[in-house]
Structure formats: structure tokens, C-alpha cells
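Data first, discussion second: the structure below is written as C-alpha cells.
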Amino acid sequence: MQVQVHYQGLDNSPWMDQFIADRIQKLNRYLSSAGAVQINLKFENKRYITSLAIHNKNQDYAFAGEADNLYGAFSQALDRAVRSLGEHKRMLKDKINRRYTPLKNAVA
């Protein structure tokens, strides 16, 4: 998974990069290895705004979060992404499982 981080109105810091790297690992279970994530961190009007753009195989997603601190804004956007990607994965699994009949029913 490729990750790009863009800062607007903020300075890049090693501890923020480490925080983002640790938290973004949650998305590994939903994205392929060729997936890409773009993170925009912005400080505007005394508020922090985070936007995530996720590009997976045939899907593109966009999520945003806004809070008084940078951690809250990033966590809010990431939680929305995890919830939405998890729901999408569950729907795909349900669709696959409806196509197949269990072996015990096929034999009987």
C-alpha cells in the first residue's frame, strides 16, 4: 500500500508521520497491496481538516474529518474509512456466499 501525506498550514514532524503510519495499518485488511492512500492535513480557521482519498483496484473512496486537534480530525476520517471499507467487504462476502450451496445440502 502506498501512502502520500500532504500538509497545508502545518509543519511536517517525525512524530506525526509515525502516528499516521501506525494508524493507517488498519486499512491493510481492506486494501490490496497495489492500493494507494492520499492524506491531506490542513489547518484552516483554527480547525484541523483531514481528507483521505483511497484508490483500490476498481474503487475510489473519499473521507473527511474535522476537529479542534489534528489527532481527532485524522482519527475521525480514518474511522469513517474503516467502517465504510468493512461494510463493502462484508457485502462482497455475502454476495459470494449466496452463490454457493453448502456441500451437506448438495449431497443430500
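By convention in this document, the chains of the C-alpha cells carry letters A, B, ... by their order, each chain's residues are numbered from 1, and ligands are numbered from 1 in the order they are shown.
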List the neighbours of Ser32 in chain A out to 12 Å using only C-alpha atoms; skip same-chain residues closer than 5 positions along the sequence, and give me the result as number ranges by chain.
-> A: 1-2, 27, 37, 54-59
Store the residues picked out above in a file with C-alpha atoms, as a compact mmCIF listing (two decimals), in the first residue's frame.
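The result, written out as selection_30.txt:
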```txt
# COMPACT_ATOMS: atom_id res chain seq x y z
CA MET A 1 0.00 0.00 0.00
CA GLN A 2 1.36 3.39 -0.98
CA LEU A 27 -6.58 -0.24 6.24
CA VAL A 37 -3.90 6.35 0.10
CA ILE A 54 -8.28 5.88 -1.18
CA HIS A 55 -7.68 4.24 -4.55
CA ASN A 56 -8.14 0.48 -4.65
CA LYS A 57 -8.46 -1.90 -7.61
CA ASN A 58 -11.74 -0.73 -9.14
CA GLN A 59 -12.92 1.53 -6.33
```
Excluding same-chain residues fewer than 4 positions from Phe19 in chain A, what lies within 10 Å of it counting only C-alpha atoms, as an MDAnalysis selection string?
-> chainID A and resid 14:15 23:24 71 74
With N, CA and C atoms retained, export the selected residues as an mmCIF file, in the first residue's frame.
```cif
data_model
loop_
_atom_site.group_PDB
_atom_site.id
_atom_site.type_symbol
_atom_site.label_atom_id
_atom_site.label_comp_id
_atom_site.auth_asym_id
_atom_site.auth_seq_id
_atom_site.Cartn_x
_atom_site.Cartn_y
_atom_site.Cartn_z
ATOM 1 N N PRO A 14 8.336 14.207 12.593
ATOM 2 C CA PRO A 14 8.516 12.749 12.630
ATOM 3 C C PRO A 14 7.460 12.040 13.488
ATOM 4 N N TRP A 15 7.043 12.664 14.602
ATOM 5 C CA TRP A 15 6.061 12.008 15.456
ATOM 6 C C TRP A 15 4.702 11.935 14.769
ATOM 7 N N ARG A 23 -1.515 4.243 12.527
ATOM 8 C CA ARG A 23 -2.965 4.198 12.399
ATOM 9 C C ARG A 23 -3.422 3.712 11.021
ATOM 10 N N ILE A 24 -2.654 4.005 9.992
ATOM 11 C CA ILE A 24 -3.061 3.646 8.634
ATOM 12 C C ILE A 24 -2.959 2.134 8.406
ATOM 13 N N TYR A 71 -5.097 15.090 15.765
ATOM 14 C CA TYR A 71 -5.342 13.677 16.028
ATOM 15 C C TYR A 71 -6.820 13.338 15.882
ATOM 16 N N PHE A 74 -7.842 13.396 12.112
ATOM 17 C CA PHE A 74 -7.329 12.232 11.390
ATOM 18 C C PHE A 74 -8.044 10.958 11.828
#
```
Polymer residues at most 12 Å from Arg29 in chain A, only C-alpha atoms, same-chain spacing of 6 or more positions, as JSON, numbers by chain | {"A": [1, 35, 82, 85, 86, 89]}
Those same residues - C-alpha atoms - I'd like them written as a compact mmCIF listing (two decimals), in the first residue's frame.
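Heads up, here's the output in out-v1.txt:
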```txt
# COMPACT_ATOMS: atom_id res chain seq x y z
CA MET A 1 0.00 0.00 0.00
CA GLY A 35 -3.83 0.32 -3.24
CA VAL A 82 -12.58 1.64 8.18
CA LEU A 85 -14.50 -0.34 3.73
CA GLY A 86 -15.54 -3.00 6.25
CA LYS A 89 -16.04 -6.11 2.24
```
CA of Lys42 in chain A to CA of Ala77 in chain A measures 12.8 Å
For the helix (DSSP H, G or I) assignment from backbone DSSP, which residues of range 47-86 of chain A qualify? Please present them as a tab-separated table (two decimals) with C-alpha atoms, in the first residue's frame.
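Ended up saving to part17.tsv:
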```
chain	number	residue	atom	x	y	z
A	70	LEU	CA	-5.03	17.09	14.39
A	71	TYR	CA	-5.34	13.68	16.03
A	72	GLY	CA	-9.11	13.97	16.31
A	73	ALA	CA	-9.55	15.03	12.70
A	74	PHE	CA	-7.33	12.23	11.39
A	75	SER	CA	-8.94	9.61	13.63
A	76	GLN	CA	-12.41	10.69	12.59
A	77	ALA	CA	-11.61	10.37	8.88
A	78	LEU	CA	-9.85	7.03	9.41
A	79	ASP	CA	-12.74	5.61	11.44
A	80	ARG	CA	-15.15	6.55	8.67
A	81	ALA	CA	-12.89	4.84	6.13
A	82	VAL	CA	-12.58	1.64	8.18
A	83	ARG	CA	-16.34	1.48	8.74
A	84	SER	CA	-17.16	2.02	5.07
A	85	LEU	CA	-14.50	-0.34	3.73
A	86	GLY	CA	-15.54	-3.00	6.25
```
What separation in Å, quoted to one decimal, exists between CA of Phe63 in chain A and CA of Asn97 in chain A?
->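 Rounded to one decimal, the two atoms are 28.8 Å apart.
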Strand (DSSP E) residues, from DSSP on the backbone, in chain A, as a PDB file with N, CA and C atoms, in the first residue's frame:
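So the final result, stored in states19.pdb, reads:
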```
ATOM      1  N   GLN A   2       0.596   2.150  -0.891  1.00  0.00           N
ATOM      2  CA  GLN A   2       1.361   3.389  -0.982  1.00  0.00           C
ATOM      3  C   GLN A   2       0.618   4.485  -0.226  1.00  0.00           C
ATOM      4  N   VAL A   3       1.368   5.268   0.543  1.00  0.00           N
ATOM      5  CA  VAL A   3       0.765   6.339   1.331  1.00  0.00           C
ATOM      6  C   VAL A   3       1.482   7.645   1.015  1.00  0.00           C
ATOM      7  N   GLN A   4       0.706   8.669   0.699  1.00  0.00           N
ATOM      8  CA  GLN A   4       1.243  10.011   0.479  1.00  0.00           C
ATOM      9  C   GLN A   4       0.567  10.941   1.476  1.00  0.00           C
ATOM     10  N   VAL A   5       1.363  11.781   2.120  1.00  0.00           N
ATOM     11  CA  VAL A   5       0.831  12.726   3.105  1.00  0.00           C
ATOM     12  C   VAL A   5       1.180  14.139   2.649  1.00  0.00           C
ATOM     13  N   HIS A   6       0.159  15.002   2.617  1.00  0.00           N
ATOM     14  CA  HIS A   6       0.332  16.401   2.232  1.00  0.00           C
ATOM     15  C   HIS A   6      -0.096  17.285   3.397  1.00  0.00           C
ATOM     16  N   TYR A   7       0.746  18.270   3.717  1.00  0.00           N
ATOM     17  CA  TYR A   7       0.460  19.196   4.816  1.00  0.00           C
ATOM     18  C   TYR A   7       0.168  20.574   4.236  1.00  0.00           C
ATOM     19  N   GLN A   8      -0.877  21.236   4.742  1.00  0.00           N
ATOM     20  CA  GLN A   8      -1.191  22.602   4.348  1.00  0.00           C
ATOM     21  C   GLN A   8      -1.399  23.413   5.617  1.00  0.00           C
ATOM     22  N   ALA A  36      -3.596   2.705  -2.994  1.00  0.00           N
ATOM     23  CA  ALA A  36      -2.903   3.947  -2.660  1.00  0.00           C
ATOM     24  C   ALA A  36      -3.805   4.802  -1.767  1.00  0.00           C
ATOM     25  N   VAL A  37      -3.182   5.477  -0.815  1.00  0.00           N
ATOM     26  CA  VAL A  37      -3.903   6.352   0.100  1.00  0.00           C
ATOM     27  C   VAL A  37      -3.238   7.721   0.066  1.00  0.00           C
ATOM     28  N   GLN A  38      -4.033   8.749  -0.168  1.00  0.00           N
ATOM     29  CA  GLN A  38      -3.544  10.126  -0.114  1.00  0.00           C
ATOM     30  C   GLN A  38      -4.191  10.805   1.084  1.00  0.00           C
ATOM     31  N   ILE A  39      -3.366  11.396   1.927  1.00  0.00           N
ATOM     32  CA  ILE A  39      -3.838  12.050   3.138  1.00  0.00           C
ATOM     33  C   ILE A  39      -3.515  13.532   3.044  1.00  0.00           C
ATOM     34  N   ASN A  40      -4.536  14.362   3.194  1.00  0.00           N
ATOM     35  CA  ASN A  40      -4.346  15.815   3.209  1.00  0.00           C
ATOM     36  C   ASN A  40      -4.675  16.321   4.605  1.00  0.00           C
ATOM     37  N   LEU A  41      -3.681  16.925   5.252  1.00  0.00           N
ATOM     38  CA  LEU A  41      -3.858  17.507   6.580  1.00  0.00           C
ATOM     39  C   LEU A  41      -3.796  19.017   6.439  1.00  0.00           C
ATOM     40  N   LYS A  42      -4.846  19.686   6.900  1.00  0.00           N
ATOM     41  CA  LYS A  42      -4.938  21.125   6.692  1.00  0.00           C
ATOM     42  C   LYS A  42      -5.341  21.812   7.995  1.00  0.00           C
ATOM     43  N   PHE A  43      -4.707  22.962   8.270  1.00  0.00           N
ATOM     44  CA  PHE A  43      -5.093  23.808   9.394  1.00  0.00           C
ATOM     45  C   PHE A  43      -5.691  25.075   8.824  1.00  0.00           C
ATOM     46  N   GLU A  44      -6.977  25.281   9.097  1.00  0.00           N
ATOM     47  CA  GLU A  44      -7.692  26.398   8.493  1.00  0.00           C
ATOM     48  C   GLU A  44      -8.748  26.915   9.469  1.00  0.00           C
ATOM     49  N   ARG A  47      -9.184  25.292  12.880  1.00  0.00           N
ATOM     50  CA  ARG A  47      -9.704  23.925  12.854  1.00  0.00           C
ATOM     51  C   ARG A  47      -8.769  23.067  12.017  1.00  0.00           C
ATOM     52  N   TYR A  48      -8.691  21.809  12.360  1.00  0.00           N
ATOM     53  CA  TYR A  48      -7.905  20.852  11.590  1.00  0.00           C
ATOM     54  C   TYR A  48      -8.850  20.039  10.714  1.00  0.00           C
ATOM     55  N   ILE A  49      -8.493  19.920   9.454  1.00  0.00           N
ATOM     56  CA  ILE A  49      -9.304  19.193   8.483  1.00  0.00           C
ATOM     57  C   ILE A  49      -8.429  18.114   7.852  1.00  0.00           C
ATOM     58  N   THR A  50      -8.929  16.902   7.869  1.00  0.00           N
ATOM     59  CA  THR A  50      -8.218  15.774   7.268  1.00  0.00           C
ATOM     60  C   THR A  50      -9.093  15.174   6.183  1.00  0.00           C
ATOM     61  N   SER A  51      -8.494  14.923   5.034  1.00  0.00           N
ATOM     62  CA  SER A  51      -9.216  14.218   3.982  1.00  0.00           C
ATOM     63  C   SER A  51      -8.376  13.039   3.510  1.00  0.00           C
ATOM     64  N   LEU A  52      -9.049  11.920   3.325  1.00  0.00           N
ATOM     65  CA  LEU A  52      -8.411  10.694   2.852  1.00  0.00           C
ATOM     66  C   LEU A  52      -8.976  10.364   1.479  1.00  0.00           C
ATOM     67  N   ALA A  53      -8.119  10.120   0.534  1.00  0.00           N
ATOM     68  CA  ALA A  53      -8.518   9.632  -0.787  1.00  0.00           C
ATOM     69  C   ALA A  53      -7.898   8.256  -0.952  1.00  0.00           C
ATOM     70  N   ILE A  54      -8.737   7.258  -1.105  1.00  0.00           N
ATOM     71  CA  ILE A  54      -8.279   5.879  -1.179  1.00  0.00           C
ATOM     72  C   ILE A  54      -8.579   5.342  -2.570  1.00  0.00           C
ATOM     73  N   HIS A  55      -7.552   4.809  -3.209  1.00  0.00           N
ATOM     74  CA  HIS A  55      -7.681   4.244  -4.551  1.00  0.00           C
ATOM     75  C   HIS A  55      -7.328   2.759  -4.469  1.00  0.00           C
ATOM     76  N   ASP A  60     -12.767   3.879  -5.810  1.00  0.00           N
ATOM     77  CA  ASP A  60     -12.161   5.092  -5.256  1.00  0.00           C
ATOM     78  C   ASP A  60     -13.064   5.579  -4.131  1.00  0.00           C
ATOM     79  N   TYR A  61     -12.449   5.973  -3.031  1.00  0.00           N
ATOM     80  CA  TYR A  61     -13.193   6.430  -1.862  1.00  0.00           C
ATOM     81  C   TYR A  61     -12.628   7.773  -1.412  1.00  0.00           C
ATOM     82  N   ALA A  62     -13.465   8.553  -0.748  1.00  0.00           N
ATOM     83  CA  ALA A  62     -13.033   9.821  -0.163  1.00  0.00           C
ATOM     84  C   ALA A  62     -13.712   9.973   1.190  1.00  0.00           C
ATOM     85  N   PHE A  63     -12.924  10.339   2.205  1.00  0.00           N
ATOM     86  CA  PHE A  63     -13.429  10.511   3.559  1.00  0.00           C
ATOM     87  C   PHE A  63     -12.830  11.787   4.135  1.00  0.00           C
ATOM     88  N   ALA A  64     -13.555  12.423   5.031  1.00  0.00           N
ATOM     89  CA  ALA A  64     -13.069  13.661   5.640  1.00  0.00           C
ATOM     90  C   ALA A  64     -13.386  13.667   7.125  1.00  0.00           C
ATOM     91  N   GLY A  65     -12.590  14.413   7.862  1.00  0.00           N
ATOM     92  CA  GLY A  65     -12.811  14.598   9.287  1.00  0.00           C
ATOM     93  C   GLY A  65     -12.377  15.991   9.687  1.00  0.00           C
ATOM     94  N   GLU A  66     -13.058  16.554  10.658  1.00  0.00           N
ATOM     95  CA  GLU A  66     -12.745  17.908  11.116  1.00  0.00           C
ATOM     96  C   GLU A  66     -12.851  17.937  12.638  1.00  0.00           C
ATOM     97  N   ALA A  67     -11.854  18.546  13.291  1.00  0.00           N
ATOM     98  CA  ALA A  67     -11.850  18.614  14.751  1.00  0.00           C
ATOM     99  C   ALA A  67     -10.960  19.765  15.215  1.00  0.00           C
TER     100      ALA A  67
END
```
